[in-house]
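Peer 1: So here's upload.cif, just mmCIF, C-alpha atoms:
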```
data_work
#
loop_
_atom_site.group_PDB
_atom_site.id
_atom_site.type_symbol
_atom_site.label_atom_id
_atom_site.label_comp_id
_atom_site.auth_asym_id
_atom_site.auth_seq_id
_atom_site.Cartn_x
_atom_site.Cartn_y
_atom_site.Cartn_z
ATOM 1 C CA MET S 1 57.294 18.175 19.689
ATOM 2 C CA SER S 2 57.432 21.679 21.195
ATOM 3 C CA ALA S 3 60.588 20.758 23.160
ATOM 4 C CA LEU S 4 62.379 19.969 19.910
ATOM 5 C CA PRO S 5 64.796 20.724 18.529
ATOM 6 C CA MET S 6 66.877 20.890 21.687
ATOM 7 C CA VAL S 7 68.771 24.156 21.874
ATOM 8 C CA VAL S 8 72.509 23.468 21.836
ATOM 9 C CA PRO S 9 74.454 26.593 20.850
ATOM 10 C CA GLU S 10 77.755 26.407 19.024
ATOM 11 C CA PRO S 11 80.335 28.860 20.389
ATOM 12 C CA GLY S 12 81.411 31.637 18.072
ATOM 13 C CA LEU S 13 78.262 31.827 15.932
ATOM 14 C CA PRO S 14 76.124 34.966 15.542
ATOM 15 C CA THR S 15 73.452 35.429 18.214
ATOM 16 C CA ALA S 16 70.810 36.612 15.732
ATOM 17 C CA VAL S 17 70.106 36.160 12.028
ATOM 18 C CA THR S 18 67.849 37.953 9.545
ATOM 19 C CA ILE S 19 65.853 35.658 7.279
ATOM 20 C CA TYR S 20 65.175 37.332 3.937
ATOM 21 C CA GLU S 21 62.062 35.547 2.654
ATOM 22 C CA VAL S 22 61.955 35.159 -1.133
ATOM 23 C CA GLY S 23 59.087 32.670 -1.519
ATOM 24 C CA ALA S 24 56.575 35.150 -2.904
ATOM 25 C CA ARG S 25 58.964 36.251 -5.661
ATOM 26 C CA ASP S 26 61.741 33.735 -6.289
ATOM 27 C CA GLY S 27 59.519 30.915 -5.090
ATOM 28 C CA LEU S 28 56.529 31.609 -7.319
ATOM 29 C CA GLN S 29 58.281 32.956 -10.432
ATOM 30 C CA ASN S 30 59.060 29.440 -11.666
ATOM 31 C CA GLU S 31 55.558 28.010 -11.216
ATOM 32 C CA LYS S 32 53.969 26.818 -14.462
ATOM 33 C CA ALA S 33 50.375 27.434 -13.347
ATOM 34 C CA LEU S 34 49.410 31.035 -12.647
ATOM 35 C CA VAL S 35 48.734 31.735 -8.973
ATOM 36 C CA PRO S 36 45.834 34.169 -8.474
ATOM 37 C CA VAL S 37 46.827 37.579 -7.161
ATOM 38 C CA GLU S 38 44.540 37.215 -4.152
ATOM 39 C CA VAL S 39 46.424 34.038 -3.171
ATOM 40 C CA LYS S 40 49.737 35.857 -3.546
ATOM 41 C CA GLU S 41 48.475 38.676 -1.361
ATOM 42 C CA GLN S 42 47.402 36.259 1.345
ATOM 43 C CA PHE S 43 50.726 34.418 1.041
ATOM 44 C CA VAL S 44 52.671 37.638 1.667
ATOM 45 C CA ARG S 45 50.437 38.624 4.570
ATOM 46 C CA ARG S 46 50.757 35.180 6.158
ATOM 47 C CA LEU S 47 54.541 35.261 5.835
ATOM 48 C CA LEU S 48 54.671 38.638 7.554
ATOM 49 C CA ALA S 49 52.328 37.409 10.281
ATOM 50 C CA ALA S 50 54.655 34.441 10.882
ATOM 51 C CA GLY S 51 57.318 36.924 11.957
ATOM 52 C CA LEU S 52 59.525 37.065 8.885
ATOM 53 C CA PRO S 53 61.245 40.461 9.033
ATOM 54 C CA VAL S 54 61.746 40.818 5.262
ATOM 55 C CA VAL S 55 59.425 39.448 2.578
ATOM 56 C CA GLU S 56 60.410 40.116 -1.026
ATOM 57 C CA ALA S 57 57.013 40.493 -2.643
ATOM 58 C CA THR S 58 57.405 40.375 -6.428
ATOM 59 C CA SER S 59 59.388 41.490 -9.460
ATOM 60 C CA PHE S 60 58.694 44.279 -11.929
ATOM 61 C CA VAL S 61 60.067 42.324 -14.840
ATOM 62 C CA HIS S 62 58.443 42.228 -18.274
ATOM 63 C CA PRO S 63 55.633 39.635 -18.239
ATOM 64 C CA THR S 64 57.018 38.011 -21.382
ATOM 65 C CA TRP S 65 60.010 36.894 -19.343
ATOM 66 C CA VAL S 66 58.240 35.947 -16.111
ATOM 67 C CA PRO S 67 54.494 35.680 -16.782
ATOM 68 C CA GLN S 68 53.857 34.421 -13.249
ATOM 69 C CA LEU S 69 54.664 37.894 -11.897
ATOM 70 C CA ALA S 70 52.738 39.941 -14.472
ATOM 71 C CA ASP S 71 50.413 41.077 -11.663
ATOM 72 C CA ALA S 72 53.193 42.773 -9.692
ATOM 73 C CA ALA S 73 51.614 46.237 -9.660
ATOM 74 C CA GLU S 74 48.197 44.852 -8.714
ATOM 75 C CA LEU S 75 49.710 42.810 -5.892
ATOM 76 C CA MET S 76 51.546 45.792 -4.432
ATOM 77 C CA SER S 77 48.430 47.950 -4.748
ATOM 78 C CA ARG S 78 46.393 45.316 -2.888
ATOM 79 C CA LEU S 79 49.003 45.212 -0.126
ATOM 80 C CA GLY S 80 48.737 48.987 0.207
ATOM 81 C CA ALA S 81 50.569 50.494 3.172
ATOM 82 C CA ASP S 82 51.683 46.996 4.249
ATOM 83 C CA GLY S 83 53.597 46.642 0.986
ATOM 84 C CA VAL S 84 55.483 49.932 0.932
ATOM 85 C CA ASP S 85 58.463 48.587 2.849
ATOM 86 C CA LEU S 86 58.582 45.193 1.126
ATOM 87 C CA PRO S 87 61.443 44.798 -1.364
ATOM 88 C CA VAL S 88 60.715 44.164 -5.039
ATOM 89 C CA LEU S 89 63.039 43.124 -7.818
ATOM 90 C CA VAL S 90 63.597 45.622 -10.653
ATOM 91 C CA PRO S 91 65.607 44.572 -13.714
ATOM 92 C CA ASN S 92 66.040 48.064 -15.161
ATOM 93 C CA GLU S 93 64.793 51.656 -15.104
ATOM 94 C CA ARG S 94 61.347 50.688 -16.428
ATOM 95 C CA GLY S 95 60.923 48.369 -13.462
ATOM 96 C CA LEU S 96 62.139 51.118 -11.152
ATOM 97 C CA ASP S 97 59.570 53.529 -12.619
ATOM 98 C CA ARG S 98 56.784 51.146 -11.651
ATOM 99 C CA ALA S 99 58.144 50.783 -8.116
ATOM 100 C CA LEU S 100 58.440 54.565 -7.742
ATOM 101 C CA GLU S 101 54.877 55.082 -8.980
ATOM 102 C CA LEU S 102 53.667 52.856 -6.137
ATOM 103 C CA GLY S 103 55.770 54.661 -3.519
ATOM 104 C CA LEU S 104 57.867 51.596 -2.697
ATOM 105 C CA ARG S 105 61.023 52.045 -0.632
ATOM 106 C CA HIS S 106 63.141 48.953 -1.261
ATOM 107 C CA VAL S 107 64.285 47.513 -4.573
ATOM 108 C CA ALA S 108 66.707 44.814 -5.616
ATOM 109 C CA ILE S 109 68.749 44.360 -8.788
ATOM 110 C CA PHE S 110 70.121 41.060 -10.011
ATOM 111 C CA GLY S 111 73.470 40.668 -11.732
ATOM 112 C CA SER S 112 75.552 37.749 -12.880
ATOM 113 C CA ALA S 113 79.073 36.641 -12.038
ATOM 114 C CA THR S 114 79.378 35.012 -15.479
ATOM 115 C CA GLU S 115 79.195 36.149 -19.089
ATOM 116 C CA THR S 116 76.855 33.398 -20.295
ATOM 117 C CA PHE S 117 74.236 33.858 -17.597
ATOM 118 C CA ALA S 118 74.310 37.646 -18.029
ATOM 119 C CA ARG S 119 73.421 37.133 -21.692
ATOM 120 C CA LYS S 120 70.739 34.532 -21.022
ATOM 121 C CA ASN S 121 69.156 36.283 -18.041
ATOM 122 C CA LEU S 122 69.644 39.958 -18.865
ATOM 123 C CA ASN S 123 70.361 39.958 -22.602
ATOM 124 C CA ARG S 124 73.553 41.860 -21.797
ATOM 125 C CA SER S 125 77.221 41.015 -21.679
ATOM 126 C CA TYR S 126 78.961 40.737 -18.315
ATOM 127 C CA ASP S 127 80.221 44.335 -18.575
ATOM 128 C CA GLU S 128 77.053 45.714 -20.178
ATOM 129 C CA GLN S 129 74.963 44.612 -17.209
ATOM 130 C CA PHE S 130 76.733 47.089 -14.938
ATOM 131 C CA ALA S 131 76.097 49.928 -17.378
ATOM 132 C CA MET S 132 72.413 48.961 -17.293
ATOM 133 C CA PHE S 133 72.320 48.935 -13.492
ATOM 134 C CA GLU S 134 74.099 52.255 -12.904
ATOM 135 C CA PRO S 135 71.254 54.648 -13.787
ATOM 136 C CA THR S 136 68.711 52.394 -12.065
ATOM 137 C CA VAL S 137 70.669 52.366 -8.813
ATOM 138 C CA ALA S 138 71.512 56.072 -9.005
ATOM 139 C CA ARG S 139 67.863 57.049 -9.474
ATOM 140 C CA ALA S 140 66.702 54.685 -6.738
ATOM 141 C CA LEU S 141 69.189 56.130 -4.266
ATOM 142 C CA ALA S 142 68.308 59.686 -5.270
ATOM 143 C CA SER S 143 64.679 58.837 -4.524
ATOM 144 C CA GLY S 144 65.590 57.677 -1.035
ATOM 145 C CA MET S 145 65.244 53.970 -1.785
ATOM 146 C CA ASP S 146 67.334 51.175 -0.362
ATOM 147 C CA VAL S 147 68.946 48.961 -3.014
ATOM 148 C CA ARG S 148 69.933 45.335 -2.601
ATOM 149 C CA ALA S 149 72.094 43.570 -5.187
ATOM 150 C CA TYR S 150 71.971 39.892 -6.076
ATOM 151 C CA VAL S 151 74.809 38.143 -7.856
ATOM 152 C CA SER S 152 73.902 34.871 -9.562
ATOM 153 C CA MET S 153 76.188 31.921 -10.392
ATOM 154 C CA CYS S 154 78.619 32.682 -7.573
ATOM 155 C CA PHE S 155 79.556 29.031 -7.007
ATOM 156 C CA GLY S 156 79.193 27.490 -10.440
ATOM 157 C CA ASP S 157 77.542 28.019 -13.802
ATOM 158 C CA PRO S 158 75.787 25.312 -15.886
ATOM 159 C CA TRP S 159 77.394 26.599 -19.087
ATOM 160 C CA GLU S 160 80.807 27.777 -17.871
ATOM 161 C CA GLY S 161 81.398 25.359 -15.012
ATOM 162 C CA ALA S 162 83.606 26.569 -12.184
ATOM 163 C CA VAL S 163 83.512 30.311 -11.458
ATOM 164 C CA PRO S 164 86.766 31.769 -10.062
ATOM 165 C CA LEU S 165 86.480 33.473 -6.682
ATOM 166 C CA ASP S 166 88.059 36.697 -7.942
ATOM 167 C CA GLN S 167 85.492 36.906 -10.734
ATOM 168 C CA VAL S 168 82.663 36.811 -8.175
ATOM 169 C CA VAL S 169 84.454 39.337 -5.970
ATOM 170 C CA ARG S 170 84.869 41.778 -8.868
ATOM 171 C CA ALA S 171 81.184 41.568 -9.760
ATOM 172 C CA GLY S 172 80.085 41.986 -6.157
ATOM 173 C CA VAL S 173 82.367 44.922 -5.433
ATOM 174 C CA ARG S 174 81.162 46.744 -8.563
ATOM 175 C CA LEU S 175 77.550 46.438 -7.397
ATOM 176 C CA LEU S 176 78.362 47.584 -3.880
ATOM 177 C CA GLU S 177 80.359 50.528 -5.201
ATOM 178 C CA MET S 178 77.256 51.654 -7.119
ATOM 179 C CA GLY S 179 75.537 52.075 -3.756
ATOM 180 C CA ALA S 180 73.867 48.766 -2.976
ATOM 181 C CA SER S 181 73.490 48.338 0.771
ATOM 182 C CA GLN S 182 73.665 44.547 0.705
ATOM 183 C CA LEU S 183 75.098 41.896 -1.609
ATOM 184 C CA SER S 184 73.341 38.538 -1.834
ATOM 185 C CA LEU S 185 75.618 35.774 -3.123
ATOM 186 C CA GLY S 186 73.574 33.291 -5.120
ATOM 187 C CA ASP S 187 74.268 29.585 -5.457
ATOM 188 C CA THR S 188 71.857 29.556 -8.377
ATOM 189 C CA ILE S 189 72.236 25.887 -9.307
ATOM 190 C CA GLY S 190 72.927 24.573 -5.802
ATOM 191 C CA VAL S 191 76.478 23.324 -6.367
ATOM 192 C CA ALA S 192 78.202 25.130 -3.468
ATOM 193 C CA THR S 193 79.935 23.232 -0.698
ATOM 194 C CA ALA S 194 80.895 24.446 2.764
ATOM 195 C CA GLY S 195 84.562 25.090 2.045
ATOM 196 C CA HIS S 196 83.678 27.050 -1.070
ATOM 197 C CA VAL S 197 81.334 29.254 0.967
ATOM 198 C CA THR S 198 84.053 29.904 3.531
ATOM 199 C CA ALA S 199 86.548 30.796 0.797
ATOM 200 C CA LEU S 200 84.222 33.166 -1.057
ATOM 201 C CA VAL S 201 83.204 35.072 2.073
ATOM 202 C CA ALA S 202 86.888 35.369 3.034
ATOM 203 C CA ALA S 203 87.783 36.631 -0.450
ATOM 204 C CA LEU S 204 85.138 39.350 -0.254
ATOM 205 C CA VAL S 205 86.273 40.369 3.230
ATOM 206 C CA ASP S 206 89.866 40.510 1.937
ATOM 207 C CA ALA S 207 88.595 42.840 -0.809
ATOM 208 C CA GLY S 208 87.273 45.225 1.850
ATOM 209 C CA VAL S 209 83.626 44.137 1.960
ATOM 210 C CA GLY S 210 82.231 44.038 5.494
ATOM 211 C CA VAL S 211 80.705 40.682 6.351
ATOM 212 C CA ASP S 212 77.678 42.615 7.627
ATOM 213 C CA ARG S 213 76.924 43.645 4.020
ATOM 214 C CA LEU S 214 76.753 40.075 2.760
ATOM 215 C CA ALA S 215 73.801 37.714 2.437
ATOM 216 C CA LEU S 216 73.803 34.110 1.258
ATOM 217 C CA HIS S 217 71.244 32.587 -1.099
ATOM 218 C CA PHE S 218 71.413 28.810 -1.380
ATOM 219 C CA HIS S 219 69.566 26.251 -3.448
ATOM 220 C CA ASP S 220 69.322 22.675 -2.220
ATOM 221 C CA THR S 221 69.894 20.897 -5.544
ATOM 222 C CA TYR S 222 72.627 18.673 -4.098
ATOM 223 C CA GLY S 223 71.357 18.688 -0.512
ATOM 224 C CA GLN S 224 74.083 21.070 0.662
ATOM 225 C CA ALA S 225 72.087 24.176 1.602
ATOM 226 C CA LEU S 226 72.068 23.745 5.396
ATOM 227 C CA SER S 227 75.726 22.699 5.437
ATOM 228 C CA ASN S 228 76.481 25.861 3.501
ATOM 229 C CA VAL S 229 74.466 27.956 5.964
ATOM 230 C CA GLN S 230 76.568 26.498 8.773
ATOM 231 C CA ALA S 231 79.702 27.580 6.935
ATOM 232 C CA GLY S 232 78.231 31.042 6.450
ATOM 233 C CA LEU S 233 77.386 31.322 10.141
ATOM 234 C CA ARG S 234 80.915 30.372 11.099
ATOM 235 C CA ALA S 235 82.174 33.074 8.732
ATOM 236 C CA GLY S 236 79.953 35.649 10.474
ATOM 237 C CA VAL S 237 77.253 36.144 7.817
ATOM 238 C CA THR S 238 73.932 37.063 9.455
ATOM 239 C CA THR S 239 71.470 37.370 6.530
ATOM 240 C CA TYR S 240 70.128 34.295 4.709
ATOM 241 C CA ASP S 241 67.689 34.160 1.845
ATOM 242 C CA ALA S 242 65.131 31.362 2.072
ATOM 243 C CA SER S 243 61.819 30.384 0.515
ATOM 244 C CA ALA S 244 58.799 29.172 2.475
ATOM 245 C CA GLY S 245 58.212 25.512 1.748
ATOM 246 C CA GLY S 246 61.332 25.330 -0.418
ATOM 247 C CA LEU S 247 59.534 26.852 -3.400
ATOM 248 C CA GLY S 248 61.357 28.133 -6.414
ATOM 249 C CA GLY S 249 64.178 27.839 -8.835
ATOM 250 C CA CYS S 250 65.468 29.978 -11.646
ATOM 251 C CA PRO S 251 63.524 30.124 -14.923
ATOM 252 C CA TYR S 252 66.756 30.717 -16.858
ATOM 253 C CA ALA S 253 68.765 27.836 -15.367
ATOM 254 C CA GLU S 254 67.047 24.490 -15.821
ATOM 255 C CA SER S 255 69.285 22.718 -13.307
ATOM 256 C CA ALA S 256 68.255 25.101 -10.511
ATOM 257 C CA THR S 257 65.854 23.362 -8.171
ATOM 258 C CA GLY S 258 64.175 24.740 -5.087
ATOM 259 C CA ASN S 259 65.559 27.320 -2.739
ATOM 260 C CA LEU S 260 66.574 26.520 0.793
ATOM 261 C CA ALA S 261 63.287 26.012 2.661
ATOM 262 C CA THR S 262 62.657 28.660 5.293
ATOM 263 C CA GLU S 263 61.307 26.011 7.684
ATOM 264 C CA ASP S 264 64.520 23.977 7.410
ATOM 265 C CA LEU S 265 66.592 27.084 8.093
ATOM 266 C CA VAL S 266 64.408 27.998 11.088
ATOM 267 C CA TRP S 267 64.841 24.491 12.546
ATOM 268 C CA LEU S 268 68.636 24.754 12.257
ATOM 269 C CA LEU S 269 68.778 28.252 13.761
ATOM 270 C CA THR S 270 66.440 27.307 16.599
ATOM 271 C CA GLY S 271 68.598 24.315 17.498
ATOM 272 C CA LEU S 272 71.668 26.547 17.563
ATOM 273 C CA GLY S 273 69.949 29.064 19.839
ATOM 274 C CA ILE S 274 70.177 31.808 17.205
ATOM 275 C CA ASP S 275 67.382 34.399 17.303
ATOM 276 C CA HIS S 276 65.317 34.661 14.104
ATOM 277 C CA GLY S 277 61.895 35.870 15.269
ATOM 278 C CA VAL S 278 59.871 33.431 13.161
ATOM 279 C CA SER S 279 57.001 31.213 14.341
ATOM 280 C CA LEU S 280 57.718 27.766 12.898
ATOM 281 C CA ASP S 281 54.117 26.643 13.447
ATOM 282 C CA ALA S 282 52.714 29.616 11.529
ATOM 283 C CA LEU S 283 55.274 29.165 8.778
ATOM 284 C CA VAL S 284 54.551 25.451 8.364
ATOM 285 C CA ALA S 285 50.829 26.190 8.250
ATOM 286 C CA THR S 286 51.434 28.796 5.552
ATOM 287 C CA SER S 287 53.547 26.476 3.420
ATOM 288 C CA THR S 288 50.985 23.695 3.812
ATOM 289 C CA TRP S 289 48.275 26.098 2.697
ATOM 290 C CA MET S 290 50.326 27.194 -0.333
ATOM 291 C CA ALA S 291 51.151 23.582 -1.236
ATOM 292 C CA GLY S 292 47.408 22.997 -1.378
ATOM 293 C CA HIS S 293 47.004 25.856 -3.848
ATOM 294 C CA LEU S 294 49.868 24.525 -5.969
ATOM 295 C CA GLY S 295 48.494 20.992 -5.868
ATOM 296 C CA ARG S 296 51.622 19.237 -4.667
ATOM 297 C CA PRO S 297 53.453 18.498 -1.401
ATOM 298 C CA SER S 298 55.957 20.953 0.008
ATOM 299 C CA PRO S 299 59.571 19.945 -0.693
ATOM 300 C CA SER S 300 60.612 21.215 2.753
ATOM 301 C CA ALA S 301 61.953 18.398 4.937
ATOM 302 C CA VAL S 302 60.674 20.105 8.085
ATOM 303 C CA VAL S 303 57.179 20.582 6.674
ATOM 304 C CA ARG S 304 57.113 16.896 5.739
ATOM 305 C CA ALA S 305 58.495 15.820 9.118
ATOM 306 C CA LEU S 306 55.858 17.769 11.006
ATOM 307 C CA GLY S 307 53.162 15.988 9.025
ATOM 308 C CA HIS S 308 51.911 18.956 7.050
ATOM 309 C CA GLY S 309 53.316 18.257 3.619
ATOM 310 C CA GLY S 310 50.219 19.532 1.854
#
```
Write out the structure in this file as structure tokens.
Peer 2:
Amino acid sequence: MSALPMVVPEPGLPTAVTIYEVGARDGLQNEKALVPVEVKEQFVRRLLAAGLPVVEATSFVHPTWVPQLADAAELMSRLGADGVDLPVLVPNERGLDRALELGLRHVAIFGSATETFARKNLNRSYDEQFAMFEPTVARALASGMDVRAYVSMCFGDPWEGAVPLDQVVRAGVRLLEMGASQLSLGDTIGVATAGHVTALVAALVDAGVGVDRLALHFHDTYGQALSNVQAGLRAGVTTYDASAGGLGGCPYAESATGNLATEDLVWLLTGLGIDHGVSLDALVATSTWMAGHLGRPSPSAVVRALGHGG
């Protein structure tokens, strides 16, 4: 199988892509059974060893909201110097305080393109969320941190339905203007289609956002994630969020199923001749190992196809 997939490049696509691994945070946050911190530590270390250039490690959110990540500080302490450059999610200034105490250098904030999800996820209105983020981002930047911004519900909302492109653009631009270095566009419930991806990227570019500042975060609820990646590649986007083994969802949106599996993304990129730096064998072994800890097969098609479904 080592000769497969055959490498057949498509003209006009990027030559290299950054995979932003979210399995340890977005992947595990929705698990019902608590995963021991030592397993999480090994998971992060194995993902790094597989060649993933960015591994988002955890979230400093209140444990009442996401009990699975209540051990965030312990995890980052266990990772020590290896964890300093790993991004962590911070919902507010209290989360930022915890990241600063540990000497971390990269944080991410998560906003919403819709009013309803902002209230359900952040307990703030659409406009109030930006007021909450401003001091967090300002302090992070003043401390020399890099800040990434996520926007959820960019392609559809389970309560509001269709989300206008200009509404997403306004939310994204506001976060970038605060000082975020990168904007990750989230298809939180997996309803995006390729043309929609093309249109949203174009709308952001038209608003003055460089395509190099964009990332795409797809869920595979309707089986469209890889098609949407292809559309993103054709639009020039070179950063893609993915979760090892296809783990994850969103605890505040019941219709959100697993993230795009990192293995499936790696298979696509390899076949297109696009550099990604990840060892598929090591990644599959890691997802198989984690599936064993979770007690169920990996949802990744590539992990299943290679006979290591856990």
Peer 1: Could you name the residues that touch Val8 in chain S at 7 Å or less, counting only C-alpha atoms, but leaving out those on the same chain fewer than 5 positions away, as number ranges by chain?
Peer 2: S: 271-273
Peer 1: For a test of reading the model, state the distance in Å between CA of Thr288 in chain S and CA of Leu52 in chain S, rounded to one decimal.
Peer 2: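 According to the coordinates, CA of Thr288 in chain S and CA of Leu52 in chain S are separated by 16.7 Å.
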Peer 1: Taking the file as I've supplied it (selection: the PyMOL selection byres ((chain S and resi 36) around 10)), which residues are included? Please answer as a PDB file with C-alpha atoms, in the frame of the given file.
Peer 2:
```pdb
ATOM      1  CA  ALA S  33      50.375  27.434 -13.347  1.00  0.00           C
ATOM      2  CA  LEU S  34      49.410  31.035 -12.647  1.00  0.00           C
ATOM      3  CA  VAL S  35      48.734  31.735  -8.973  1.00  0.00           C
ATOM      4  CA  VAL S  37      46.827  37.579  -7.161  1.00  0.00           C
ATOM      5  CA  GLU S  38      44.540  37.215  -4.152  1.00  0.00           C
ATOM      6  CA  VAL S  39      46.424  34.038  -3.171  1.00  0.00           C
ATOM      7  CA  LYS S  40      49.737  35.857  -3.546  1.00  0.00           C
ATOM      8  CA  GLU S  41      48.475  38.676  -1.361  1.00  0.00           C
ATOM      9  CA  GLN S  68      53.857  34.421 -13.249  1.00  0.00           C
ATOM     10  CA  ASP S  71      50.413  41.077 -11.663  1.00  0.00           C
ATOM     11  CA  LEU S  75      49.710  42.810  -5.892  1.00  0.00           C
ATOM     12  CA  HIS S 293      47.004  25.856  -3.848  1.00  0.00           C
TER      13      HIS S 293
END
```
Peer 1: Near Pro299 in chain S, counting only C-alpha atoms, which residues have an atom at most 12 Å away, once you skip same-chain residues fewer than 2 positions from it, shown as JSON, numbers by chain?
Peer 2: {"S": [27, 220, 221, 223, 243, 244, 245, 246, 247, 248, 257, 258, 259, 260, 261, 262, 263, 264, 284, 287, 288, 290, 291, 294, 296, 297, 301, 302, 303, 304, 305, 308, 309, 310]}
Peer 1: Compile the contact shell of Leu89 in chain S as a VMD selection string: residues with an atom at most 6 Å away, counting all atoms listed in the file, same-chain residues fewer than 6 positions apart removed.
Peer 2: chain S and resid 59 107 to 109
Peer 1: So, with only C-alpha atoms as the atoms that count, which of S:Ser279, S:Leu86, S:Gln182, S:Gly103 lies closest to Arg25 in chain S?
Peer 2: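 Using only C-alpha atoms, Arg25 in chain S sits closest to S:Leu86.
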Peer 1: Excluding same-chain residues fewer than 2 positions from range 212-215 of chain S, what lies within 8 Å of it counting all atoms listed in the file, as a ChimeraX atom specification?
Peer 2: /S:181-185,209-210,217,236-241
Peer 1: Keeping only C-alpha atoms, write the selected residues as an mmCIF file, in the frame of the given file.
Peer 2:
```cif
data_model
loop_
_atom_site.group_PDB
_atom_site.id
_atom_site.type_symbol
_atom_site.label_atom_id
_atom_site.label_comp_id
_atom_site.auth_asym_id
_atom_site.auth_seq_id
_atom_site.Cartn_x
_atom_site.Cartn_y
_atom_site.Cartn_z
ATOM 1 C CA SER S 181 73.490 48.338 0.771
ATOM 2 C CA GLN S 182 73.665 44.547 0.705
ATOM 3 C CA LEU S 183 75.098 41.896 -1.609
ATOM 4 C CA SER S 184 73.341 38.538 -1.834
ATOM 5 C CA LEU S 185 75.618 35.774 -3.123
ATOM 6 C CA VAL S 209 83.626 44.137 1.960
ATOM 7 C CA GLY S 210 82.231 44.038 5.494
ATOM 8 C CA HIS S 217 71.244 32.587 -1.099
ATOM 9 C CA GLY S 236 79.953 35.649 10.474
ATOM 10 C CA VAL S 237 77.253 36.144 7.817
ATOM 11 C CA THR S 238 73.932 37.063 9.455
ATOM 12 C CA THR S 239 71.470 37.370 6.530
ATOM 13 C CA TYR S 240 70.128 34.295 4.709
ATOM 14 C CA ASP S 241 67.689 34.160 1.845
#
```
Peer 1: Once the PyMOL selection byres ((chain S and resi 57) around 12) is applied to the coordinates I shared, what remains selected? I want it as a PyMOL selection string.
Peer 2: chain S and resi 20-29+37+40-45+47-48+54-56+58-60+69+71-79+82-90+99+104+106-108+243
Peer 1: Could you pull out every residue with an atom within 7 Å of (83.0, 40.7, -2.8), file coordinates, counting all atoms listed in the file, and send them as a VMD selection string?
Peer 2: chain S and resid 168 to 170 172 to 173 203 to 205 207 209
